[in-house]
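A quick write-up on the structure given underneath.
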Amino acid sequence: MRKSMQSLRLWFAPRRIRDEGDTPDYRFSLANERTFLAWIRTALALIGGGFAVDQFLPDLRWAVRVGLALALLAAGVLCALRAVNHWIRCERAIRRGEDLPVSRFPAVLSLTVAVVAVAMVVLVVFGRAG
């Protein structure tokens with residue numbers, strides 16, 4: 001719990017990360033930042049996809065359309081939050097000379113996107129009428 005609170009505080013006070021370990025080669029920090037930005041782009045795409053499902057598939061039953069849209073929107077929100085958490089955890093590990101942290105989040109996100117995609121394929125193949 002204490003580690004979680006420390007990481008959460010670093011979200012809003014990133015200068016404090018300098019208190020962790022040694023200053024790494026800047027290339028590692030910049031690579032970590034590029035990974036963060038890739039996660040943010042993924043979050044934006046998921047959020048955009050959620051709005052697109054809601055706005056551009058009016059023929060779907062309301063519950064199906066809203067369910068798919070909310071799944072994508074929720075995945076986007078979680079992805080954005082996870083991006084900053086992962087950036088902090090990786091930056092700390094890099095500065096401390098530790099192994100980079102592992103996460104199940106990419107697998108969970110991939111499964112969520114796959115389930116929504118399969119549901120949409122089924123809807124397209126077997127009709128949208130509601």
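Scheme for the structure tokens: letters A, B, ... for chains in order shown; per-chain residue numbers from 1; ligand numbers from 1 in order shown.
The protein and nucleic acid residues lying at most 9 Å from region 102-113 of chain A are A:Leu46, A:Ala71, A:Leu72, A:Ala75, A:Leu78, A:Cys79, A:Arg82, A:His86, A:Asp99, A:Leu100, A:Val115, A:Val116, A:Ala117, A:Val118, with only C-alpha atoms considered and sequence neighbours fewer than 2 positions away removed.
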Write the residues you've just listed into a file as a compact mmCIF listing (two decimals), in the first residue's frame, and include all heavy atoms for each of them.
```txt
# COMPACT_ATOMS: atom_id res chain seq x y z
N LEU A 46 -8.87 4.17 -28.22
CA LEU A 46 -9.96 3.41 -27.60
C LEU A 46 -11.14 4.32 -27.26
O LEU A 46 -12.30 3.96 -27.48
CB LEU A 46 -9.46 2.70 -26.35
CG LEU A 46 -8.52 1.52 -26.60
CD1 LEU A 46 -7.80 1.13 -25.31
CD2 LEU A 46 -9.28 0.35 -27.18
N ALA A 71 -17.39 -0.40 -23.03
CA ALA A 71 -16.21 -1.27 -22.90
C ALA A 71 -14.98 -0.58 -23.48
O ALA A 71 -13.90 -0.58 -22.87
CB ALA A 71 -16.46 -2.61 -23.58
N LEU A 72 -15.14 0.04 -24.65
CA LEU A 72 -14.01 0.74 -25.26
C LEU A 72 -13.62 1.99 -24.47
O LEU A 72 -12.43 2.27 -24.28
CB LEU A 72 -14.34 1.12 -26.71
CG LEU A 72 -14.43 -0.06 -27.69
CD1 LEU A 72 -14.99 0.40 -29.02
CD2 LEU A 72 -13.06 -0.70 -27.86
N ALA A 75 -11.84 0.88 -21.32
CA ALA A 75 -10.48 0.44 -21.66
C ALA A 75 -9.56 1.63 -21.91
O ALA A 75 -8.40 1.64 -21.49
CB ALA A 75 -10.51 -0.49 -22.88
N LEU A 78 -8.75 3.28 -18.48
CA LEU A 78 -7.78 2.45 -17.74
C LEU A 78 -6.40 2.51 -18.39
O LEU A 78 -5.39 2.55 -17.69
CB LEU A 78 -8.27 1.01 -17.67
CG LEU A 78 -9.49 0.78 -16.79
CD1 LEU A 78 -9.96 -0.67 -16.90
CD2 LEU A 78 -9.18 1.13 -15.34
N CYS A 79 -6.37 2.54 -19.71
CA CYS A 79 -5.10 2.62 -20.42
C CYS A 79 -4.37 3.93 -20.11
O CYS A 79 -3.16 3.94 -19.89
CB CYS A 79 -5.36 2.47 -21.92
SG CYS A 79 -3.89 2.24 -22.91
N ARG A 82 -3.13 3.73 -16.52
CA ARG A 82 -2.05 2.76 -16.43
C ARG A 82 -0.77 3.31 -17.06
O ARG A 82 0.33 3.01 -16.62
CB ARG A 82 -2.48 1.47 -17.13
CG ARG A 82 -1.47 0.37 -17.04
CD ARG A 82 -1.34 -0.12 -15.60
NE ARG A 82 -0.39 -1.20 -15.56
CZ ARG A 82 0.66 -1.23 -14.76
NH1 ARG A 82 0.86 -0.26 -13.90
NH2 ARG A 82 1.48 -2.23 -14.78
N HIS A 86 2.67 3.15 -15.14
CA HIS A 86 3.76 2.34 -15.70
C HIS A 86 5.00 3.20 -15.95
O HIS A 86 6.13 2.77 -15.71
CB HIS A 86 3.30 1.67 -16.99
CG HIS A 86 4.27 0.68 -17.53
ND1 HIS A 86 4.50 -0.53 -16.94
CD2 HIS A 86 5.08 0.73 -18.62
CE1 HIS A 86 5.41 -1.19 -17.62
NE2 HIS A 86 5.78 -0.44 -18.64
N ASP A 99 15.24 -4.55 -12.41
CA ASP A 99 14.51 -5.06 -13.57
C ASP A 99 13.26 -4.20 -13.77
O ASP A 99 12.67 -3.72 -12.81
CB ASP A 99 14.07 -6.51 -13.33
CG ASP A 99 15.24 -7.48 -13.34
OD1 ASP A 99 16.29 -7.14 -13.90
OD2 ASP A 99 15.09 -8.58 -12.77
N LEU A 100 12.88 -4.06 -15.02
CA LEU A 100 11.66 -3.31 -15.31
C LEU A 100 10.44 -4.08 -14.79
O LEU A 100 10.43 -5.31 -14.82
CB LEU A 100 11.51 -3.06 -16.81
CG LEU A 100 12.56 -2.13 -17.42
CD1 LEU A 100 12.33 -2.01 -18.92
CD2 LEU A 100 12.52 -0.77 -16.77
N VAL A 115 -12.42 -9.09 -27.49
CA VAL A 115 -13.82 -9.44 -27.24
C VAL A 115 -14.75 -8.44 -27.91
O VAL A 115 -15.74 -8.82 -28.56
CB VAL A 115 -14.10 -9.54 -25.72
CG1 VAL A 115 -15.59 -9.57 -25.42
CG2 VAL A 115 -13.41 -10.77 -25.14
N VAL A 116 -14.45 -7.17 -27.79
CA VAL A 116 -15.28 -6.14 -28.43
C VAL A 116 -15.22 -6.30 -29.96
O VAL A 116 -16.24 -6.22 -30.65
CB VAL A 116 -14.86 -4.72 -28.00
CG1 VAL A 116 -15.55 -3.65 -28.84
CG2 VAL A 116 -15.16 -4.51 -26.52
N ALA A 117 -14.03 -6.56 -30.48
CA ALA A 117 -13.88 -6.72 -31.93
C ALA A 117 -14.66 -7.94 -32.43
O ALA A 117 -15.33 -7.86 -33.47
CB ALA A 117 -12.40 -6.85 -32.30
N VAL A 118 -14.59 -9.05 -31.72
CA VAL A 118 -15.33 -10.25 -32.12
C VAL A 118 -16.83 -9.96 -32.08
O VAL A 118 -17.58 -10.35 -32.99
CB VAL A 118 -14.95 -11.46 -31.24
CG1 VAL A 118 -15.93 -12.60 -31.42
CG2 VAL A 118 -13.54 -11.91 -31.56
```
Task: DSSP helix (DSSP H, G or I) residues within chain A, listed as a ChimeraX atom specification - done: /A:2-12,14-19,26-56,62-96,105-126
TODO: Please measure the separation of CA of Val122 (chain A) and CA of Gly67 (chain A), giving the value in Å to one decimal.
DONE: 14.6 Å
- [ ] Identify, on the basis of only C-alpha atoms, every residue whose closest approach to Arg27 (chain A) does not exceed 12 Å; exclude the query and any residue fewer than 5 positions from it along the same chain; express the result as a list in words.
- [x]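 Here the answer would be Asn32, Glu33, Arg34, Glu91 and Ile94 of chain A.
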Open item on the list: Taking 4 positions as the minimum chain separation for residues in the same chain, which residues sit within 12 Å of region 60-66 of chain A when counting only C-alpha atoms? Answer as an MDAnalysis selection string.
Closed with: chainID A and resid 49:56 70:74 116 119:120 122:124 126:130
Open item on the list: One number please: CA of Ala31 (chain A) to CA of Gly76 (chain A), in Å, one decimal.
Closed with: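 Distance between the two atoms: 21.9 Å.
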Open item on the list: From the options A:Ala43, A:Cys90, A:Ala69, A:Val84, which residue's atoms come nearest to Phe28 (chain A), counting only C-alpha atoms?
Closed with: A:Cys90
Open item on the list: Show me, as number ranges by chain, the residues that have an atom within 12 Å of Gln6 (chain A) when counting only C-alpha atoms, minus same-chain residues fewer than 3 positions from it.
Closed with: A: 1-3, 9-14, 16-17, 20, 85, 88-89, 92
- [ ] Record the distance separating CA of Arg18 (chain A) and CA of Leu37 (chain A), expressed in Å with one decimal.
- [x] 20.6 Å
Open item on the list: Counting only C-alpha atoms, which residue out of A:Ser7, A:Pro24, A:Ala80, A:Arg15 sits closest to Arg96 (chain A)?
Closed with: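 Residue with the minimum atom-to-atom distance to Arg96 (chain A): A:Pro24.
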